[in-house]
Amino acid sequence: MTDIHSGPQAPPASGEALDQQDERLRRSVGVRGAVAGSLERIRSGDLGVVPVVAGLVVIWTVFQVLNPIFLSPANLVNLAMESVAVGVIALGIVAVLLVGQIDLSVGSVSGLAAAILAVTFVSHHLPVWVALLAAVAAGCAIGFLYSQMFTRFGVPSFVATLAGLLGFLGAQLWLLGAAGAINLPFTSGLVFFAQLAFVPEALSYVLVLVAAAGLFASRFLLARERRRAGLSARSTQLIAAESAAVLVGLGAAVWYLNRGRGVGWMFVLFVALVVVMHYLLKRTGWGRSVYAVGGNVEAARRAGINVNQVYMSVFVLCSGLAALGGVLAAARLAAANQSSGGGDVNLNAIAAAVIGGTSLFGGRGNAFAALLGILVIQSISSGLTLLNLDSSFRFMVTGLVLALAVALDSVARRSRASHGRA
């Protein structure tokens with residue numbers, strides 16, 4: 001949604017001037033107005049996805065120069081599939097960061113969910129969908145527990161989730177038992193979905209058309225509502241141009257991936273979750289409440305927003321998505337073991353959300369931060385692996401990118417404050 005912000009104006013001298021001003025507000029924003037509005041927001045510190053997209057272009061260019069295999073269809077397909085599990089977890093982190101809180105236990109929760117899936121599906125022979133629901137339900141219950149600790153007892157989310165990190169790691173080890181690992185059968189639909197299920201080529205282009213048409217319909221309806229309310233809105237020509245650009249861009253990406261194994265259904269699921277989350281945050285009352293609480297919790301409370309309910313929803317959502325990410329990771333590996341959810345899963349999920357543009361200060365960011373951020377992290381990992389460099393370099397490079405992202409967010413925040421847009 002593009003808004004044109006202007007500085008203070010003198011009051012109109014007559015009713016005719018007021019009518020002219022109203023007419024300007026109702027006027028559609030074309031390409032020139034959209035570009036001017038974007039430049040104005042960037043100058044005032046609202047950088048959006050520009051830094052992360054620029055960073056992704058630089059990373060891909062450097063690795064392609066160093067190793068021409070990096071941008072091959074086969075490597076990009078693998079990169080996309082490997083991004084999904086941690087990307088889903090990062091999507092939940094975005095929701096928690098938007099209200100100015102943190103969840104340090106998403107890695108442990110994902111590992112516990114993987115253990116629950118393996119035990120109920122393999123050891124107790126329950127249907128895979130029952131095991132999947134049990135794992136995600138456990139994650140949601142953990143999120144509810146965090147919300148009660150935070151809202152009822154005033155335990156800081158940092159402390160509550162740090163305790164969960166340790167406690168649920170212990171629960172994971174207890175569930176797995178002395179063996180420490182449970183293999184998932186390769187014949188199960190869940191493992192097939194995570195490893196071998198790819199969208200048929202013809203259907204992949206249909207999905208691209210649906211995405212472009214959905215974008216056009218959504219923005220066209222929003223623009224019509226804004227005009228009826230007397231607000232500035234994108235012109236139909238601009239909306240059509242944006243939708244056409246998405247159609248061409250996605251079409252080219254799908255065509256290139258289809259030269260390899262194609263687009264994995266698991267990656268399609270991840271993108272669908274991102275789109276749904278984006279809609280919930282940008283187009284619903286719940287989403288507006290999340291941004292309000294993250295921007296100023298006391299002002300949100302005075303405006304009549306049930307702040308505790310918002311906190312509960314984001315904690316439940318975060319832990320539920322962490323559990324789903326753990327299930328997908330176990331399916332991708334075809335096993336749940338003591339290292340599930342461990343290692344750098346926790347840190348990468350948080351780093352992906354921040355690198356993608358979600359502010360640590362709350363109130364700023366969107367669902368696409370998880371997608372862009374995890375692509376950056378996975379690109380670094382994939383590129384360094386192709387260069388035969390060990391994980392020490394990956395940690396150092398990822399840490400540097402994260403530090404730059406946080407520093408940029410801090411500078412942008414001060415710039416917005418100086419322009420009155422904090």
# chains A, B, ... in the order shown; residues from 1 in each chain; ligands from 1

$ residues_around --residues "A:Ala114" --least-positions-apart "2" --cutoff "12 Å" --atoms "only C-alpha atoms" --output "compact mmCIF listing (two decimals) with all heavy atoms, in the first residue's frame"
# COMPACT_ATOMS: atom_id res chain seq x y z
N ALA A 85 12.27 -25.12 6.45
CA ALA A 85 12.04 -25.44 7.86
C ALA A 85 12.37 -24.26 8.77
O ALA A 85 11.54 -23.83 9.59
CB ALA A 85 12.85 -26.67 8.25
N GLY A 107 14.04 -23.15 18.70
CA GLY A 107 14.80 -24.32 18.30
C GLY A 107 14.43 -25.54 19.12
O GLY A 107 14.21 -26.63 18.57
N SER A 108 14.36 -25.37 20.43
CA SER A 108 13.99 -26.49 21.30
C SER A 108 12.56 -26.94 21.05
O SER A 108 12.26 -28.14 21.08
CB SER A 108 14.16 -26.08 22.77
OG SER A 108 15.51 -25.84 23.07
N VAL A 109 11.66 -26.00 20.81
CA VAL A 109 10.27 -26.35 20.52
C VAL A 109 10.18 -27.14 19.22
O VAL A 109 9.43 -28.13 19.11
CB VAL A 109 9.39 -25.09 20.47
CG1 VAL A 109 7.98 -25.42 19.97
CG2 VAL A 109 9.31 -24.44 21.84
N SER A 110 10.96 -26.74 18.21
CA SER A 110 10.94 -27.47 16.95
C SER A 110 11.49 -28.88 17.13
O SER A 110 10.98 -29.85 16.55
CB SER A 110 11.74 -26.71 15.88
OG SER A 110 13.13 -26.72 16.17
N GLY A 111 12.55 -29.03 17.94
CA GLY A 111 13.10 -30.36 18.21
C GLY A 111 12.14 -31.23 18.98
O GLY A 111 12.01 -32.43 18.71
N LEU A 112 11.44 -30.64 19.96
CA LEU A 112 10.44 -31.40 20.71
C LEU A 112 9.30 -31.84 19.80
O LEU A 112 8.82 -32.98 19.90
CB LEU A 112 9.89 -30.53 21.86
CG LEU A 112 8.77 -31.15 22.69
CD1 LEU A 112 9.23 -32.43 23.37
CD2 LEU A 112 8.25 -30.14 23.72
N ILE A 116 7.99 -35.61 19.14
CA ILE A 116 6.59 -36.01 19.31
C ILE A 116 6.08 -36.68 18.04
O ILE A 116 5.39 -37.72 18.09
CB ILE A 116 5.73 -34.79 19.68
CG1 ILE A 116 6.09 -34.29 21.08
CG2 ILE A 116 4.24 -35.14 19.61
CD1 ILE A 116 5.41 -33.00 21.45
N LEU A 117 6.39 -36.10 16.89
CA LEU A 117 5.99 -36.70 15.62
C LEU A 117 6.54 -38.11 15.48
O LEU A 117 5.81 -39.05 15.13
CB LEU A 117 6.48 -35.83 14.47
CG LEU A 117 6.30 -36.41 13.07
CD1 LEU A 117 4.85 -36.28 12.63
CD2 LEU A 117 7.22 -35.73 12.06
N ALA A 118 7.82 -38.28 15.74
CA ALA A 118 8.46 -39.58 15.55
C ALA A 118 7.90 -40.62 16.52
O ALA A 118 7.62 -41.76 16.13
CB ALA A 118 9.97 -39.45 15.73
N VAL A 119 7.72 -40.24 17.77
CA VAL A 119 7.23 -41.19 18.77
C VAL A 119 5.80 -41.62 18.48
O VAL A 119 5.46 -42.81 18.51
CB VAL A 119 7.35 -40.58 20.19
CG1 VAL A 119 6.60 -41.44 21.21
CG2 VAL A 119 8.81 -40.44 20.59
N THR A 120 4.93 -40.66 18.19
CA THR A 120 3.52 -41.00 17.95
C THR A 120 3.32 -41.73 16.63
O THR A 120 2.49 -42.65 16.53
CB THR A 120 2.66 -39.73 17.96
OG1 THR A 120 3.21 -38.77 17.04
CG2 THR A 120 2.60 -39.11 19.34
N PHE A 121 4.09 -41.37 15.61
CA PHE A 121 3.93 -41.97 14.29
C PHE A 121 4.63 -43.32 14.17
O PHE A 121 4.05 -44.31 13.71
CB PHE A 121 4.45 -41.00 13.22
CG PHE A 121 4.40 -41.52 11.82
CD1 PHE A 121 3.28 -42.20 11.34
CD2 PHE A 121 5.48 -41.35 10.96
CE1 PHE A 121 3.23 -42.68 10.03
CE2 PHE A 121 5.45 -41.83 9.67
CZ PHE A 121 4.32 -42.50 9.20
N VAL A 122 5.89 -43.38 14.61
CA VAL A 122 6.69 -44.59 14.43
C VAL A 122 6.53 -45.56 15.59
O VAL A 122 6.26 -46.75 15.40
CB VAL A 122 8.18 -44.24 14.23
CG1 VAL A 122 9.03 -45.51 14.11
CG2 VAL A 122 8.36 -43.35 13.01
N ALA A 131 -0.18 -37.58 14.26
CA ALA A 131 1.12 -37.22 14.83
C ALA A 131 1.47 -35.77 14.52
O ALA A 131 2.00 -35.04 15.37
CB ALA A 131 2.19 -38.16 14.28
N LEU A 132 1.16 -35.33 13.30
CA LEU A 132 1.43 -33.95 12.91
C LEU A 132 0.61 -32.98 13.74
O LEU A 132 1.14 -31.98 14.25
CB LEU A 132 1.11 -33.78 11.42
CG LEU A 132 1.24 -32.38 10.84
CD1 LEU A 132 2.65 -31.86 10.98
CD2 LEU A 132 0.83 -32.37 9.37
N LEU A 133 -0.66 -33.26 13.91
CA LEU A 133 -1.51 -32.38 14.72
C LEU A 133 -1.06 -32.35 16.17
O LEU A 133 -1.08 -31.30 16.82
CB LEU A 133 -2.97 -32.85 14.63
CG LEU A 133 -3.68 -32.60 13.29
CD1 LEU A 133 -5.10 -33.16 13.34
CD2 LEU A 133 -3.72 -31.11 12.97
N ALA A 134 -0.64 -33.50 16.70
CA ALA A 134 -0.18 -33.56 18.08
C ALA A 134 1.07 -32.70 18.28
O ALA A 134 1.19 -31.98 19.28
CB ALA A 134 0.11 -35.01 18.48
N ALA A 135 1.98 -32.75 17.31
CA ALA A 135 3.21 -31.96 17.41
C ALA A 135 2.91 -30.46 17.37
O ALA A 135 3.44 -29.69 18.18
CB ALA A 135 4.16 -32.35 16.28
N VAL A 136 2.06 -30.04 16.43
CA VAL A 136 1.74 -28.61 16.31
C VAL A 136 0.92 -28.14 17.51
O VAL A 136 1.13 -27.03 18.02
CB VAL A 136 0.99 -28.35 14.99
CG1 VAL A 136 0.54 -26.89 14.91
CG2 VAL A 136 1.88 -28.68 13.80
N ALA A 138 1.12 -29.30 20.53
CA ALA A 138 2.06 -29.14 21.64
C ALA A 138 2.78 -27.80 21.55
O ALA A 138 2.98 -27.12 22.56
CB ALA A 138 3.06 -30.29 21.64
N GLY A 139 3.16 -27.42 20.33
CA GLY A 139 3.80 -26.12 20.16
C GLY A 139 2.89 -24.97 20.54
O GLY A 139 3.31 -24.02 21.22
N PHE A 168 12.47 -27.73 27.39
CA PHE A 168 11.92 -28.51 26.27
C PHE A 168 13.02 -29.29 25.54
O PHE A 168 12.72 -30.30 24.91
CB PHE A 168 11.15 -27.61 25.33
CG PHE A 168 9.95 -26.99 25.99
CD1 PHE A 168 9.80 -25.61 26.04
CD2 PHE A 168 8.99 -27.78 26.58
CE1 PHE A 168 8.71 -25.04 26.67
CE2 PHE A 168 7.89 -27.23 27.22
CZ PHE A 168 7.75 -25.86 27.28
N LEU A 169 14.25 -28.84 25.66
CA LEU A 169 15.36 -29.65 25.15
C LEU A 169 15.45 -30.94 25.97
O LEU A 169 15.63 -32.04 25.41
CB LEU A 169 16.67 -28.88 25.24
CG LEU A 169 17.94 -29.66 24.87
CD1 LEU A 169 17.86 -30.20 23.45
CD2 LEU A 169 19.17 -28.78 25.05
N ALA A 171 12.95 -32.34 27.56
CA ALA A 171 11.78 -33.16 27.20
C ALA A 171 12.01 -33.89 25.88
O ALA A 171 11.60 -35.05 25.72
CB ALA A 171 10.55 -32.26 27.11
N GLN A 172 12.66 -33.25 24.95
CA GLN A 172 12.98 -33.89 23.67
C GLN A 172 13.89 -35.10 23.87
O GLN A 172 13.64 -36.18 23.32
CB GLN A 172 13.66 -32.88 22.74
CG GLN A 172 14.19 -33.46 21.45
CD GLN A 172 15.04 -32.47 20.67
OE1 GLN A 172 15.06 -31.28 20.99
NE2 GLN A 172 15.75 -32.94 19.68
N LEU A 173 14.93 -34.93 24.67
CA LEU A 173 15.86 -36.03 24.92
C LEU A 173 15.17 -37.18 25.65
O LEU A 173 15.43 -38.36 25.37
CB LEU A 173 17.05 -35.53 25.74
CG LEU A 173 17.91 -34.43 25.10
CD1 LEU A 173 19.03 -34.01 26.03
CD2 LEU A 173 18.46 -34.89 23.76
N LEU A 175 11.94 -37.97 25.46
CA LEU A 175 11.04 -38.66 24.54
C LEU A 175 11.79 -39.61 23.61
O LEU A 175 11.34 -40.71 23.31
CB LEU A 175 10.25 -37.64 23.71
CG LEU A 175 8.99 -37.05 24.32
CD1 LEU A 175 8.41 -36.01 23.38
CD2 LEU A 175 7.96 -38.14 24.60
N LEU A 176 12.94 -39.19 23.15
CA LEU A 176 13.71 -40.01 22.21
C LEU A 176 14.33 -41.22 22.87
O LEU A 176 14.63 -42.22 22.21
CB LEU A 176 14.79 -39.17 21.53
CG LEU A 176 14.28 -38.08 20.58
CD1 LEU A 176 15.43 -37.21 20.09
CD2 LEU A 176 13.55 -38.69 19.38
N ALA A 181 17.51 -41.45 18.58
CA ALA A 181 17.08 -41.14 17.21
C ALA A 181 15.98 -42.11 16.80
O ALA A 181 15.99 -43.28 17.19
CB ALA A 181 18.24 -41.23 16.24
N ILE A 182 15.04 -41.60 16.03
CA ILE A 182 13.96 -42.42 15.47
C ILE A 182 13.84 -42.07 14.00
O ILE A 182 13.63 -40.91 13.65
CB ILE A 182 12.62 -42.16 16.18
CG1 ILE A 182 12.72 -42.50 17.68
CG2 ILE A 182 11.50 -42.96 15.53
CD1 ILE A 182 11.46 -42.17 18.46
N ASN A 183 13.99 -43.05 13.14
CA ASN A 183 13.89 -42.83 11.70
C ASN A 183 12.44 -42.85 11.23
O ASN A 183 11.64 -43.67 11.70
CB ASN A 183 14.68 -43.90 10.94
CG ASN A 183 16.17 -43.81 11.20
OD1 ASN A 183 16.71 -42.72 11.37
ND2 ASN A 183 16.84 -44.95 11.25
N LEU A 184 12.12 -41.94 10.33
CA LEU A 184 10.80 -41.91 9.72
C LEU A 184 10.83 -42.74 8.45
O LEU A 184 11.79 -42.65 7.67
CB LEU A 184 10.38 -40.48 9.41
CG LEU A 184 10.35 -39.48 10.58
CD1 LEU A 184 9.95 -38.10 10.08
CD2 LEU A 184 9.41 -39.95 11.67
N ALA A 322 6.95 -22.79 15.07
CA ALA A 322 8.21 -23.46 15.40
C ALA A 322 8.02 -24.98 15.37
O ALA A 322 8.88 -25.72 14.87
CB ALA A 322 8.71 -23.01 16.78
N ALA A 323 6.89 -25.45 15.90
CA ALA A 323 6.60 -26.88 15.88
C ALA A 323 6.44 -27.38 14.45
O ALA A 323 6.94 -28.45 14.09
CB ALA A 323 5.34 -27.17 16.70
N LEU A 324 5.73 -26.61 13.62
CA LEU A 324 5.56 -27.00 12.23
C LEU A 324 6.91 -27.04 11.51
O LEU A 324 7.18 -27.96 10.72
CB LEU A 324 4.62 -26.02 11.52
CG LEU A 324 4.36 -26.29 10.03
CD1 LEU A 324 3.78 -27.68 9.82
CD2 LEU A 324 3.44 -25.21 9.44
N GLY A 325 7.76 -26.06 11.78
CA GLY A 325 9.09 -26.07 11.20
C GLY A 325 9.90 -27.28 11.63
O GLY A 325 10.63 -27.88 10.83
N GLY A 326 9.76 -27.69 12.89
CA GLY A 326 10.45 -28.87 13.38
C GLY A 326 9.97 -30.13 12.69
O GLY A 326 10.77 -31.03 12.37
N VAL A 327 8.67 -30.22 12.45
CA VAL A 327 8.10 -31.37 11.74
C VAL A 327 8.64 -31.44 10.31
O VAL A 327 9.02 -32.51 9.82
CB VAL A 327 6.56 -31.28 11.75
CG1 VAL A 327 5.96 -32.28 10.75
CG2 VAL A 327 6.02 -31.54 13.15
N LEU A 328 8.68 -30.30 9.63
CA LEU A 328 9.19 -30.27 8.26
C LEU A 328 10.68 -30.61 8.21
O LEU A 328 11.14 -31.29 7.28
CB LEU A 328 8.94 -28.89 7.64
CG LEU A 328 7.47 -28.51 7.43
CD1 LEU A 328 7.36 -27.07 6.93
CD2 LEU A 328 6.80 -29.46 6.45
N ALA A 329 11.43 -30.15 9.21
CA ALA A 329 12.85 -30.48 9.26
C ALA A 329 13.05 -31.98 9.46
O ALA A 329 13.93 -32.59 8.83
CB ALA A 329 13.53 -29.69 10.38
N ALA A 330 12.25 -32.59 10.34
CA ALA A 330 12.35 -34.03 10.56
C ALA A 330 11.97 -34.81 9.31
O ALA A 330 12.60 -35.81 8.96
CB ALA A 330 11.45 -34.44 11.73
N ALA A 331 10.95 -34.34 8.61
CA ALA A 331 10.54 -35.00 7.38
C ALA A 331 11.60 -34.86 6.30
O ALA A 331 11.86 -35.80 5.53
CB ALA A 331 9.22 -34.42 6.88
N ARG A 332 12.24 -33.71 6.26
CA ARG A 332 13.32 -33.49 5.28
C ARG A 332 14.49 -34.44 5.54
O ARG A 332 15.09 -34.97 4.62
CB ARG A 332 13.76 -32.04 5.38
CG ARG A 332 14.86 -31.63 4.41
CD ARG A 332 14.34 -31.39 3.04
NE ARG A 332 15.40 -30.97 2.12
CZ ARG A 332 15.35 -31.16 0.83
NH1 ARG A 332 14.32 -31.77 0.27
NH2 ARG A 332 16.33 -30.75 0.05
N LEU A 333 14.80 -34.66 6.83
CA LEU A 333 15.90 -35.53 7.21
C LEU A 333 15.46 -36.99 7.30
O LEU A 333 16.31 -37.89 7.33
CB LEU A 333 16.45 -35.08 8.57
CG LEU A 333 17.71 -35.75 9.11
CD1 LEU A 333 18.90 -35.52 8.19
CD2 LEU A 333 18.01 -35.25 10.52
N ALA A 334 14.15 -37.22 7.35
CA ALA A 334 13.58 -38.57 7.55
C ALA A 334 13.99 -39.15 8.89
O ALA A 334 14.14 -40.37 9.04
CB ALA A 334 13.96 -39.51 6.41
N ALA A 335 14.13 -38.28 9.89
CA ALA A 335 14.51 -38.75 11.22
C ALA A 335 14.33 -37.63 12.23
O ALA A 335 14.38 -36.44 11.89
CB ALA A 335 15.96 -39.24 11.24
N ALA A 336 14.12 -38.02 13.48
CA ALA A 336 14.18 -37.10 14.60
C ALA A 336 15.25 -37.60 15.54
O ALA A 336 15.24 -38.79 15.91
CB ALA A 336 12.82 -37.03 15.32
N ASN A 337 16.17 -36.75 15.93
CA ASN A 337 17.25 -37.18 16.80
C ASN A 337 17.56 -36.11 17.82
O ASN A 337 16.88 -35.07 17.89
CB ASN A 337 18.50 -37.55 15.98
CG ASN A 337 18.91 -36.43 15.04
OD1 ASN A 337 18.97 -35.27 15.43
ND2 ASN A 337 19.18 -36.77 13.78
N GLN A 338 18.61 -36.35 18.60
CA GLN A 338 18.94 -35.43 19.69
C GLN A 338 19.40 -34.06 19.19
O GLN A 338 19.34 -33.08 19.91
CB GLN A 338 20.02 -36.05 20.57
CG GLN A 338 19.54 -37.28 21.32
CD GLN A 338 20.64 -37.91 22.16
OE1 GLN A 338 21.82 -37.64 21.95
NE2 GLN A 338 20.26 -38.76 23.09
N SER A 339 19.85 -33.98 17.95
CA SER A 339 20.30 -32.70 17.40
C SER A 339 19.20 -31.94 16.68
O SER A 339 19.43 -30.82 16.21
CB SER A 339 21.47 -32.94 16.44
OG SER A 339 21.06 -33.70 15.32
N SER A 340 18.00 -32.52 16.58
CA SER A 340 16.89 -31.83 15.93
C SER A 340 16.56 -30.54 16.67
O SER A 340 16.36 -30.55 17.89
CB SER A 340 15.65 -32.73 15.90
OG SER A 340 15.88 -33.89 15.13
N GLY A 341 16.52 -29.45 15.95
CA GLY A 341 16.25 -28.15 16.56
C GLY A 341 17.43 -27.54 17.26
O GLY A 341 17.34 -26.43 17.80
N GLY A 342 18.56 -28.25 17.28
CA GLY A 342 19.74 -27.74 17.97
C GLY A 342 20.65 -27.00 17.03
O GLY A 342 20.24 -26.52 15.96

$ closest_atom_pairs --of "stretch 61-90 of chain A" --to "stretch 234-254 of chain A" --cutoff "12 Å" --atoms "only C-alpha atoms" --output "JSON lines"
{"residue": "A:Leu71", "atom": "CA", "partner": "A:Ala253", "partner_atom": "CA", "distance": 11.5}
{"residue": "A:Ser72", "atom": "CA", "partner": "A:Ala253", "partner_atom": "CA", "distance": 11.9}
{"residue": "A:Pro73", "atom": "CA", "partner": "A:Ala253", "partner_atom": "CA", "distance": 9.7}
{"residue": "A:Leu76", "atom": "CA", "partner": "A:Ala253", "partner_atom": "CA", "distance": 10.1}
{"residue": "A:Val77", "atom": "CA", "partner": "A:Val254", "partner_atom": "CA", "distance": 10.2}
{"residue": "A:Ala80", "atom": "CA", "partner": "A:Ala253", "partner_atom": "CA", "distance": 11.7}

$ write_last_selection --atoms "N, CA, C and O atoms" --output "CSV table (one decimal), in the first residue's frame"
chain,number,residue,atom,x,y,z
A,71,LEU,N,24.4,-20.3,-9.0
A,71,LEU,CA,23.1,-20.0,-9.6
A,71,LEU,C,22.5,-21.0,-10.6
A,71,LEU,O,21.6,-20.7,-11.3
A,72,SER,N,23.1,-22.2,-10.5
A,72,SER,CA,22.5,-23.2,-11.4
A,72,SER,C,21.1,-23.7,-10.9
A,72,SER,O,20.8,-23.5,-9.7
A,73,PRO,N,20.3,-24.1,-11.8
A,73,PRO,CA,18.9,-24.5,-11.3
A,73,PRO,C,19.0,-25.6,-10.2
A,73,PRO,O,18.2,-25.5,-9.2
A,76,LEU,N,19.8,-23.9,-6.8
A,76,LEU,CA,18.8,-23.0,-6.4
A,76,LEU,C,17.6,-23.8,-5.9
A,76,LEU,O,16.9,-23.4,-4.9
A,77,VAL,N,17.3,-24.9,-6.5
A,77,VAL,CA,16.2,-25.8,-6.0
A,77,VAL,C,16.5,-26.3,-4.6
A,77,VAL,O,15.7,-26.3,-3.7
A,80,ALA,N,16.3,-23.5,-2.1
A,80,ALA,CA,14.9,-23.2,-1.7
A,80,ALA,C,14.3,-24.2,-0.7
A,80,ALA,O,13.7,-23.9,0.3

$ select_by_dssp --residues "stretch 145-239 of chain A" --states "strand (DSSP E)" --output "ChimeraX atom specification"
/A:181-183,233-234

$ closest_atom_pairs --of "stretch 361-404 of chain A" --to "stretch 86-93 of chain A" --cutoff "12 Å" --atoms "only C-alpha atoms" --output "Markdown table"
| residue | atom | partner | partner_atom | distance |
| --- | --- | --- | --- | --- |
| A:Gly362 | CA | A:Ile93 | CA | 11.6 |
| A:Gly365 | CA | A:Leu91 | CA | 11.1 |
| A:Asn366 | CA | A:Leu91 | CA | 9.2 |
| A:Ala367 | CA | A:Leu91 | CA | 6.4 |
| A:Phe368 | CA | A:Leu91 | CA | 8.3 |
| A:Ala369 | CA | A:Leu91 | CA | 7.8 |
| A:Ala370 | CA | A:Leu91 | CA | 5.1 |
| A:Leu371 | CA | A:Gly87 | CA | 6.3 |
| A:Leu372 | CA | A:Gly87 | CA | 9.1 |
| A:Gly373 | CA | A:Gly87 | CA | 8.1 |
| A:Ile374 | CA | A:Gly87 | CA | 5.6 |
| A:Leu375 | CA | A:Gly87 | CA | 8.4 |
| A:Val376 | CA | A:Gly87 | CA | 10.9 |
| A:Ile377 | CA | A:Gly87 | CA | 9.9 |
| A:Gln378 | CA | A:Val86 | CA | 9.6 |

$ atom_distance --atom1 "atom CA of A:Leu98" --atom2 "atom CA of A:Phe216"
27.0 Å

$ closest_atom_pairs --of "stretch 206-282 of chain A" --to "stretch 297-320 of chain A" --cutoff "12 Å" --atoms "only C-alpha atoms" --output "tab-separated table"
residue	atom	partner	partner_atom	distance
A:Leu273	CA	A:Leu317	CA	11.9
A:Met277	CA	A:Leu317	CA	10.3
A:Leu280	CA	A:Val314	CA	11.9
A:Leu281	CA	A:Val314	CA	11.2

$ write_last_selection --atoms "all heavy atoms" --output "mmCIF file, in the first residue's frame"
data_model
loop_
_atom_site.group_PDB
_atom_site.id
_atom_site.type_symbol
_atom_site.label_atom_id
_atom_site.label_comp_id
_atom_site.auth_asym_id
_atom_site.auth_seq_id
_atom_site.Cartn_x
_atom_site.Cartn_y
_atom_site.Cartn_z
ATOM 1 N N LEU A 273 2.259 -19.746 3.452
ATOM 2 C CA LEU A 273 2.185 -19.301 4.845
ATOM 3 C C LEU A 273 2.600 -17.838 4.975
ATOM 4 O O LEU A 273 1.995 -17.071 5.732
ATOM 5 C CB LEU A 273 3.083 -20.177 5.727
ATOM 6 C CG LEU A 273 2.610 -21.611 5.973
ATOM 7 C CD1 LEU A 273 3.680 -22.397 6.728
ATOM 8 C CD2 LEU A 273 1.306 -21.630 6.757
ATOM 9 N N MET A 277 0.151 -14.903 6.311
ATOM 10 C CA MET A 277 0.575 -14.064 7.433
ATOM 11 C C MET A 277 0.594 -12.591 7.033
ATOM 12 O O MET A 277 0.184 -11.712 7.803
ATOM 13 C CB MET A 277 1.955 -14.500 7.916
ATOM 14 C CG MET A 277 2.531 -13.629 9.014
ATOM 15 S SD MET A 277 1.760 -13.889 10.611
ATOM 16 C CE MET A 277 2.726 -15.290 11.169
ATOM 17 N N LEU A 280 -2.930 -11.320 7.075
ATOM 18 C CA LEU A 280 -3.438 -11.160 8.437
ATOM 19 C C LEU A 280 -2.859 -9.916 9.100
ATOM 20 O O LEU A 280 -3.561 -9.202 9.829
ATOM 21 C CB LEU A 280 -3.100 -12.399 9.271
ATOM 22 C CG LEU A 280 -3.816 -13.697 8.887
ATOM 23 C CD1 LEU A 280 -3.294 -14.862 9.723
ATOM 24 C CD2 LEU A 280 -5.327 -13.561 9.048
ATOM 25 N N LEU A 281 -1.584 -9.646 8.845
ATOM 26 C CA LEU A 281 -0.946 -8.495 9.476
ATOM 27 C C LEU A 281 -1.379 -7.173 8.854
ATOM 28 O O LEU A 281 -1.512 -6.164 9.553
ATOM 29 C CB LEU A 281 0.580 -8.624 9.382
ATOM 30 C CG LEU A 281 1.232 -9.687 10.270
ATOM 31 C CD1 LEU A 281 2.709 -9.819 9.943
ATOM 32 C CD2 LEU A 281 1.053 -9.358 11.744
#

$ select_by_dssp --residues "stretch 27-183 of chain A" --states "helix (DSSP H, G or I)" --output "PyMOL selection string"
chain A and resi 31-43+50-66+73-98+106-123+128-151+157-176

$ closest_residue --among "A:Gly170, A:Pro68, A:Pro51, A:Gly264" --to "A:Ala194" --atoms "only C-alpha atoms"
A:Gly264

$ closest_residue --among "A:Ser410, A:Ser359, A:Ala95, A:Ala113" --to "A:His278" --atoms "only C-alpha atoms"
A:Ala95

$ atom_distance --atom1 "atom CA of A:Ala202" --atom2 "atom CA of A:Met266"
17.5 Å

$ atom_distance --atom1 "atom CA of A:Ala115" --atom2 "atom CA of A:Ala179"
12.2 Å

$ closest_residue --among "A:Val406, A:Leu104, A:Ala74, A:Val263" --to "A:Val208" --atoms "only C-alpha atoms"
A:Val263
